[in-house]
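Source file: work29.pdb. Holds: PDB, C-alpha atoms.
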MODEL        1
ATOM      1  CA  MET A   1     -38.401 -39.939  48.684
ATOM      2  CA  ARG A   2     -37.348 -42.537  46.122
ATOM      3  CA  MET A   3     -38.631 -42.435  42.548
ATOM      4  CA  ALA A   4     -41.294 -45.054  43.298
ATOM      5  CA  GLU A   5     -42.692 -42.858  46.067
ATOM      6  CA  LEU A   6     -42.498 -39.803  43.798
ATOM      7  CA  SER A   7     -44.549 -41.778  41.297
ATOM      8  CA  ARG A   8     -47.168 -42.683  43.910
ATOM      9  CA  THR A   9     -47.323 -39.107  45.191
ATOM     10  CA  THR A  10     -47.772 -37.499  41.791
ATOM     11  CA  GLY A  11     -49.580 -40.255  39.897
ATOM     12  CA  VAL A  12     -46.924 -40.117  37.173
ATOM     13  CA  PRO A  13     -45.595 -43.551  36.095
ATOM     14  CA  VAL A  14     -41.958 -44.258  36.882
ATOM     15  CA  ALA A  15     -41.212 -44.733  33.184
ATOM     16  CA  THR A  16     -42.603 -41.259  32.437
ATOM     17  CA  ILE A  17     -40.579 -39.698  35.253
ATOM     18  CA  LYS A  18     -37.405 -41.294  33.875
ATOM     19  CA  TYR A  19     -38.288 -39.984  30.427
ATOM     20  CA  TYR A  20     -38.763 -36.444  31.764
ATOM     21  CA  VAL A  21     -35.394 -36.678  33.536
ATOM     22  CA  ARG A  22     -33.678 -37.853  30.343
ATOM     23  CA  GLU A  23     -35.271 -35.023  28.356
ATOM     24  CA  GLY A  24     -34.141 -32.426  30.886
ATOM     25  CA  LEU A  25     -37.668 -31.522  31.989
ATOM     26  CA  LEU A  26     -37.158 -32.753  35.550
ATOM     27  CA  PRO A  27     -33.965 -32.295  37.604
ATOM     28  CA  ARG A  28     -32.163 -35.448  38.593
ATOM     29  CA  GLY A  29     -32.612 -36.554  42.175
ATOM     30  CA  GLU A  30     -29.910 -36.125  44.767
ATOM     31  CA  VAL A  31     -27.599 -39.133  44.667
ATOM     32  CA  THR A  32     -27.287 -40.810  48.077
ATOM     33  CA  THR A  33     -25.195 -43.824  49.062
ATOM     34  CA  SER A  34     -25.696 -45.764  45.839
ATOM     35  CA  PRO A  35     -25.078 -44.388  42.323
ATOM     36  CA  ASN A  36     -28.262 -46.147  41.226
ATOM     37  CA  GLN A  37     -30.496 -44.457  43.819
ATOM     38  CA  ALA A  38     -31.515 -40.853  44.270
ATOM     39  CA  ASP A  39     -33.770 -38.853  46.534
ATOM     40  CA  TYR A  40     -36.548 -36.593  45.282
ATOM     41  CA  GLY A  41     -38.353 -33.853  47.172
ATOM     42  CA  ASP A  42     -41.103 -31.242  47.013
ATOM     43  CA  ARG A  43     -39.263 -29.422  44.219
ATOM     44  CA  HIS A  44     -39.656 -32.472  42.007
ATOM     45  CA  VAL A  45     -43.324 -32.867  42.932
ATOM     46  CA  ARG A  46     -44.027 -29.262  41.914
ATOM     47  CA  ARG A  47     -41.991 -29.485  38.731
ATOM     48  CA  LEU A  48     -43.822 -32.659  37.710
ATOM     49  CA  ALA A  49     -47.144 -30.889  38.225
ATOM     50  CA  LEU A  50     -45.965 -28.050  35.988
ATOM     51  CA  VAL A  51     -44.635 -30.413  33.300
ATOM     52  CA  ARG A  52     -47.898 -32.363  33.278
ATOM     53  CA  SER A  53     -49.938 -29.173  32.945
ATOM     54  CA  LEU A  54     -47.788 -28.016  30.021
ATOM     55  CA  VAL A  55     -47.894 -31.397  28.246
ATOM     56  CA  GLU A  56     -51.397 -32.663  29.088
ATOM     57  CA  VAL A  57     -53.409 -29.453  29.454
ATOM     58  CA  GLY A  58     -51.458 -27.179  27.163
ATOM     59  CA  GLY A  59     -50.600 -29.821  24.580
ATOM     60  CA  LEU A  60     -47.031 -28.520  24.279
ATOM     61  CA  SER A  61     -44.305 -30.526  22.627
ATOM     62  CA  ILE A  62     -41.376 -31.754  24.699
ATOM     63  CA  ALA A  63     -39.135 -29.200  22.967
ATOM     64  CA  ALA A  64     -41.563 -26.382  23.796
ATOM     65  CA  VAL A  65     -41.795 -27.524  27.428
ATOM     66  CA  ARG A  66     -37.999 -27.638  27.667
ATOM     67  CA  ALA A  67     -37.747 -24.067  26.341
ATOM     68  CA  THR A  68     -40.489 -22.853  28.681
ATOM     69  CA  LEU A  69     -38.893 -24.440  31.733
ATOM     70  CA  ALA A  70     -35.529 -22.927  30.790
ATOM     71  CA  ALA A  71     -37.236 -19.520  30.790
ATOM     72  CA  VAL A  72     -38.910 -20.250  34.132
ATOM     73  CA  ASP A  73     -35.544 -21.153  35.651
ATOM     74  CA  ASP A  74     -33.747 -18.112  34.216
ATOM     75  CA  PRO A  75     -34.303 -15.037  36.421
ATOM     76  CA  ALA A  76     -33.068 -12.827  33.570
ATOM     77  CA  VAL A  77     -36.123 -13.698  31.429
ATOM     78  CA  PRO A  78     -39.019 -11.295  32.149
ATOM     79  CA  LEU A  79     -42.198 -12.947  33.420
ATOM     80  CA  HIS A  80     -44.156 -11.402  30.534
ATOM     81  CA  ASP A  81     -41.928 -13.219  28.029
ATOM     82  CA  THR A  82     -42.223 -16.509  29.924
ATOM     83  CA  LEU A  83     -46.022 -16.336  30.070
ATOM     84  CA  GLY A  84     -46.224 -15.349  26.410
ATOM     85  CA  MET A  85     -43.974 -18.222  25.376
ATOM     86  CA  THR A  86     -46.037 -20.674  27.402
ATOM     87  CA  ILE A  87     -49.415 -19.579  26.089
ATOM     88  CA  GLU A  88     -48.365 -19.180  22.443
ATOM     89  CA  ALA A  89     -46.668 -22.574  22.451
ATOM     90  CA  GLY A  90     -50.056 -24.075  23.288
ATOM     91  CA  ASP A  91     -51.844 -22.408  20.364
ATOM     92  CA  PRO A  92     -52.678 -24.996  17.697
ATOM     93  CA  ALA A  93     -51.138 -24.466  14.295
ATOM     94  CA  SER A  94     -53.648 -23.185  11.764
ATOM     95  CA  THR A  95     -53.929 -23.939   8.066
ATOM     96  CA  PRO A  96     -53.079 -20.861   5.979
ATOM     97  CA  ALA A  97     -56.267 -19.216   4.749
ATOM     98  CA  PRO A  98     -56.676 -17.984   1.165
ATOM     99  CA  TYR A  99     -55.629 -14.335   0.914
ATOM    100  CA  ASP A 100     -58.785 -13.136  -0.814
ATOM    101  CA  GLU A 101     -60.829  -9.955  -0.437
ATOM    102  CA  ALA A 102     -62.513 -11.261   2.724
ATOM    103  CA  GLN A 103     -59.106 -11.945   4.270
ATOM    104  CA  ARG A 104     -57.750  -8.516   3.319
ATOM    105  CA  THR A 105     -60.820  -6.759   4.709
ATOM    106  CA  ALA A 106     -60.699  -8.811   7.910
ATOM    107  CA  GLU A 107     -57.012  -8.004   8.404
ATOM    108  CA  ALA A 108     -57.714  -4.272   8.124
ATOM    109  CA  ARG A 109     -60.671  -4.485  10.515
ATOM    110  CA  VAL A 110     -58.763  -6.503  13.101
ATOM    111  CA  ASP A 111     -55.697  -4.258  12.985
ATOM    112  CA  GLU A 112     -57.919  -1.200  13.402
ATOM    113  CA  LEU A 113     -59.598  -2.865  16.381
ATOM    114  CA  LEU A 114     -56.242  -3.675  17.999
ATOM    115  CA  VAL A 115     -55.034  -0.100  17.536
ATOM    116  CA  ARG A 116     -58.270   1.331  18.923
ATOM    117  CA  HIS A 117     -57.968  -0.781  22.071
ATOM    118  CA  GLY A 118     -54.220  -0.260  22.384
ATOM    119  CA  TRP A 119     -53.558  -3.994  22.138
ATOM    120  CA  ALA A 120     -50.368  -5.688  20.959
ATOM    121  CA  ASN A 121     -50.330  -5.979  17.183
ATOM    122  CA  ARG A 122     -47.436  -8.240  16.227
ATOM    123  CA  PRO A 123     -47.814  -9.315  12.550
ATOM    124  CA  GLY A 124     -46.676 -12.879  13.275
ATOM    125  CA  ALA A 125     -48.689 -13.400  16.475
ATOM    126  CA  PRO A 126     -50.774 -16.625  16.254
ATOM    127  CA  ALA A 127     -53.707 -15.049  18.121
ATOM    128  CA  ARG A 128     -53.857 -12.056  15.759
ATOM    129  CA  GLN A 129     -53.876 -14.346  12.731
ATOM    130  CA  ALA A 130     -56.551 -16.549  14.312
ATOM    131  CA  VAL A 131     -58.830 -13.524  14.824
ATOM    132  CA  ILE A 132     -58.304 -12.437  11.216
ATOM    133  CA  ASP A 133     -59.120 -15.924   9.934
ATOM    134  CA  VAL A 134     -62.297 -16.141  12.021
ATOM    135  CA  VAL A 135     -63.537 -12.690  10.975
ATOM    136  CA  ALA A 136     -62.815 -13.481   7.316
ATOM    137  CA  THR A 137     -64.704 -16.783   7.543
ATOM    138  CA  MET A 138     -67.670 -15.043   9.166
ATOM    139  CA  SER A 139     -67.685 -12.579   6.278
ATOM    140  CA  ARG A 140     -67.575 -15.306   3.631
ATOM    141  CA  VAL A 141     -70.543 -17.126   5.214
ATOM    142  CA  THR A 142     -72.759 -14.309   6.539
ATOM    143  CA  GLY A 143     -71.613 -11.185   4.710
ATOM    144  CA  THR A 144     -71.832  -8.235   7.098
ATOM    145  CA  ARG A 145     -74.474  -9.712   9.422
ATOM    146  CA  LEU A 146     -71.940 -10.489  12.173
ATOM    147  CA  ASP A 147     -69.859  -7.319  11.864
ATOM    148  CA  SER A 148     -71.484  -5.843  14.958
ATOM    149  CA  VAL A 149     -70.269  -8.597  17.306
ATOM    150  CA  LEU A 150     -66.563  -7.777  17.038
ATOM    151  CA  GLU A 151     -66.565  -4.741  19.330
ATOM    152  CA  PRO A 152     -68.718  -6.282  22.130
ATOM    153  CA  PHE A 153     -66.517  -9.387  22.027
ATOM    154  CA  ALA A 154     -63.404  -7.224  22.318
ATOM    155  CA  GLU A 155     -64.810  -5.345  25.307
ATOM    156  CA  ALA A 156     -65.785  -8.608  27.021
ATOM    157  CA  VAL A 157     -62.390 -10.265  26.570
ATOM    158  CA  ALA A 158     -60.629  -7.113  27.773
ATOM    159  CA  ALA A 159     -62.405  -7.532  31.105
ATOM    160  CA  ILE A 160     -61.592 -11.256  31.127
ATOM    161  CA  ALA A 161     -57.899 -10.541  30.452
ATOM    162  CA  GLU A 162     -57.780  -8.140  33.408
ATOM    163  CA  ALA A 163     -59.310 -10.842  35.626
ATOM    164  CA  ASP A 164     -56.817 -13.414  34.299
ATOM    165  CA  LEU A 165     -53.812 -11.242  35.072
ATOM    166  CA  ASP A 166     -55.209 -10.168  38.451
ATOM    167  CA  THR A 167     -55.163 -13.848  39.407
ATOM    168  CA  VAL A 168     -51.642 -14.409  38.083
ATOM    169  CA  SER A 169     -50.286 -11.205  39.635
ATOM    170  CA  ALA A 170     -51.473 -12.296  43.074
ATOM    171  CA  LEU A 171     -48.999 -15.204  42.978
ATOM    172  CA  SER A 172     -45.347 -14.681  43.891
ATOM    173  CA  ASP A 173     -43.982 -18.067  42.810
ATOM    174  CA  VAL A 174     -42.917 -18.132  39.142
ATOM    175  CA  GLU A 175     -43.846 -21.788  38.558
ATOM    176  CA  GLU A 176     -47.279 -21.222  40.080
ATOM    177  CA  ARG A 177     -47.743 -18.179  37.867
ATOM    178  CA  VAL A 178     -46.849 -20.078  34.693
ATOM    179  CA  GLU A 179     -48.999 -23.065  35.610
ATOM    180  CA  THR A 180     -51.946 -20.843  36.577
ATOM    181  CA  ALA A 181     -51.648 -18.758  33.408
ATOM    182  CA  LEU A 182     -51.562 -21.808  31.161
ATOM    183  CA  VAL A 183     -54.307 -23.818  32.834
ATOM    184  CA  GLY A 184     -56.431 -20.681  33.224
ATOM    185  CA  THR A 185     -56.038 -19.887  29.534
ATOM    186  CA  VAL A 186     -56.700 -23.362  28.139
ATOM    187  CA  LEU A 187     -59.556 -24.291  30.447
ATOM    188  CA  GLY A 188     -60.748 -20.689  30.616
ATOM    189  CA  ASP A 189     -61.477 -20.834  26.877
ATOM    190  CA  ARG A 190     -63.756 -23.815  27.487
ATOM    191  CA  LEU A 191     -65.355 -22.099  30.473
ATOM    192  CA  ILE A 192     -66.105 -18.975  28.433
ATOM    193  CA  ALA A 193     -67.676 -21.066  25.656
ATOM    194  CA  ALA A 194     -69.875 -22.984  28.115
ATOM    195  CA  LEU A 195     -70.999 -19.857  29.981
ATOM    196  CA  ARG A 196     -71.760 -18.168  26.675
ATOM    197  CA  ARG A 197     -74.104 -20.986  25.698
ATOM    198  CA  ILE A 198     -75.924 -20.761  29.024
ATOM    199  CA  ALA A 199     -76.293 -17.005  28.591
ATOM    200  CA  GLN A 200     -77.477 -17.434  24.989
ATOM    201  CA  GLU A 201     -80.140 -19.882  26.095
ATOM    202  CA  THR A 202     -81.318 -17.488  28.805
ATOM    203  CA  VAL A 203     -81.446 -14.433  26.518
ATOM    204  CA  SER A 204     -83.094 -16.450  23.732
ATOM    205  CA  ALA A 205     -85.859 -17.617  26.074
ATOM    206  CA  ARG A 206     -86.445 -14.032  27.161
ATOM    207  CA  ARG A 207     -86.561 -12.585  23.657
ATOM    208  CA  PHE A 208     -88.256 -15.502  21.924
ATOM    209  CA  PRO A 209     -90.401 -17.167  24.619
ATOM    210  CA  PRO A 210     -90.841 -20.880  23.912
ATOM    211  CA  ARG A 211     -94.389 -22.123  23.332
ATOM    212  CA  GLU A 212     -95.889 -23.388  26.551
ATOM    213  CA  THR A 213     -96.642 -27.094  26.650
ATOM    214  CA  PRO A 214    -100.374 -27.695  27.257
TER     215      PRO A 214
ENDMDL
END
Represent the structure of the file as structure tokens.
Amino acid sequence: MRMAELSRTTGVPVATIKYYVREGLLPRGEVTTSPNQADYGDRHVRRLALVRSLVEVGGLSIAAVRATLAAVDDPAVPLHDTLGMTIEAGDPASTPAPYDEAQRTAEARVDELLVRHGWANRPGAPARQAVIDVVATMSRVTGTRLDSVLEPFAEAVAAIAEADLDTVSALSDVEERVETALVGTVLGDRLIAALRRIAQETVSARRFPPRETP
């Protein structure tokens, strides 16, 4: 197919496709009879879908997408590293929190939790720092009233992580795995939040029955 047809098939504007080609995110089409024309195929359709998911769903920068795609295309890079790079690149940058007593206590609690569950505990990991910041903020606002939620949350997300990786492991294609992992992570966070609110409403109604309307 020509670029115009690739655009119609994928819904990506021609100008955007040309930009992705220039930035090295999309392979150039196969040159045919004219130097100014090229053919594109299913490989380009799939790669465009992956690029769009990384940029639009994951919010990755062009540089981060380029690095991720290089890892996807390199068979020497372990899948674990590729998935980690993809997901961490989509984590929003956080503002450094004040290193006060609440932060120090939260760091100790979170590290102890990670050790107890046998989870990765890389000092520079964005997710680890995000957990520490959240726990410290909870402490500053509510004291110790929310301390008891950390362990149930950890147990719940452990089960979710197993389900996430079961889904990814069932796929043999590397691009499908990366796309599924990223979209599942980003949208899965929203899904978890929405389901939690539904569950909270249900449990609240059971424990604190609303007053019946006459």
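All residues of protein, DNA or RNA that reach within 8 Å of A:Thr137, judged by all atoms listed in the file and not counting those fewer than 4 positions away in the chain, are Ala102, Asp133 and Val141 of chain A.
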Atom CA of A:Gly143 to atom CA of A:Gln129: how many Å, to one decimal? 19.7 Å
Quick one: apply the PyMOL selection byres ((chain A and resi 109) around 12) to the file and drop the selected residues here as a ChimeraX atom specification. /A:102-108,110-116,128,131-136,139,147-148,150-151
Sorted by chain and rising residue number, list the residues of stretch 96-147 of chain A at most 10 Å from stretch 67-91 of chain A (counting all atoms listed in the file), each with its closest atom pair and distance in Å to one decimal, as JSON lines.
{"residue": "A:Ala125", "atom": "CA", "partner": "A:Glu88", "partner_atom": "CA", "distance": 8.3}
{"residue": "A:Pro126", "atom": "CA", "partner": "A:Glu88", "partner_atom": "CA", "distance": 7.1}
{"residue": "A:Ala127", "atom": "CA", "partner": "A:Asp91", "partner_atom": "CA", "distance": 7.9}
{"residue": "A:Ala130", "atom": "CA", "partner": "A:Asp91", "partner_atom": "CA", "distance": 9.6}
Output C-alpha atoms for every residue in that selection, as a PDB file, in the frame of the given file.
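In the end it all went to again_3.pdb:
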ATOM      1  CA  ALA A 125     -48.689 -13.400  16.475  1.00  0.00           C
ATOM      2  CA  PRO A 126     -50.774 -16.625  16.254  1.00  0.00           C
ATOM      3  CA  ALA A 127     -53.707 -15.049  18.121  1.00  0.00           C
ATOM      4  CA  ALA A 130     -56.551 -16.549  14.312  1.00  0.00           C
TER       5      ALA A 130
END
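Atom CA of A:Ser204 to atom CA of A:Thr144 spans 21.7 Å [interatomic distance, one decimal].
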Which polymer residues have any atom within 10 Å of an atom of stretch 160-164 of chain A, counting only C-alpha atoms, with same-chain residues fewer than 4 positions away left out, as a PDB file with C-alpha atoms, in the frame of the given file?
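Below is the file that was written, selection-v2.pdb:
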ATOM      1  CA  ALA A 154     -63.404  -7.224  22.318  1.00  0.00           C
ATOM      2  CA  GLU A 155     -64.810  -5.345  25.307  1.00  0.00           C
ATOM      3  CA  ALA A 156     -65.785  -8.608  27.021  1.00  0.00           C
ATOM      4  CA  VAL A 168     -51.642 -14.409  38.083  1.00  0.00           C
ATOM      5  CA  SER A 169     -50.286 -11.205  39.635  1.00  0.00           C
ATOM      6  CA  THR A 180     -51.946 -20.843  36.577  1.00  0.00           C
ATOM      7  CA  ALA A 181     -51.648 -18.758  33.408  1.00  0.00           C
ATOM      8  CA  GLY A 184     -56.431 -20.681  33.224  1.00  0.00           C
ATOM      9  CA  THR A 185     -56.038 -19.887  29.534  1.00  0.00           C
ATOM     10  CA  GLY A 188     -60.748 -20.689  30.616  1.00  0.00           C
ATOM     11  CA  ILE A 192     -66.105 -18.975  28.433  1.00  0.00           C
TER      12      ILE A 192
END
Could you give me, as a ChimeraX atom specification, the residues that have an atom at most 12 Å away from the point (-42.7, -29.5, 45.3) in the coordinates of the file, using only C-alpha atoms? /A:1,6,9-10,26-27,40-50,173,175-176
Choose the residue, out of A:Met138, A:Leu25, A:Phe153, A:Val12, that has the smallest atom-to-atom separation from A:Arg196; count all atoms listed in the file. A:Phe153
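Relative to atom CA of A:Val57, atom CA of A:Ala194 is found at 17.7 Å.
Counting all atoms listed in the file and comparing A:Arg140, A:Asp39, A:Gly29, A:Tyr19, the residue that lies closest to A:Pro98 is A:Arg140.
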What are the centre and edge lengths in Å, to one decimal, of the axis-aligned box around all listed atoms of stretch 112-118 of chain A with 4 Å added on each side, as lines of an AutoDock Vina configuration file?
center_x = -56.9
center_y = -1.2
center_z = 17.9
size_x = 13.4
size_y = 13.0
size_z = 17.0
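The closest residue to A:Val186, picked from A:Leu54, A:Ile198, A:Ala205, A:Ala120 and counting only C-alpha atoms, is A:Leu54.
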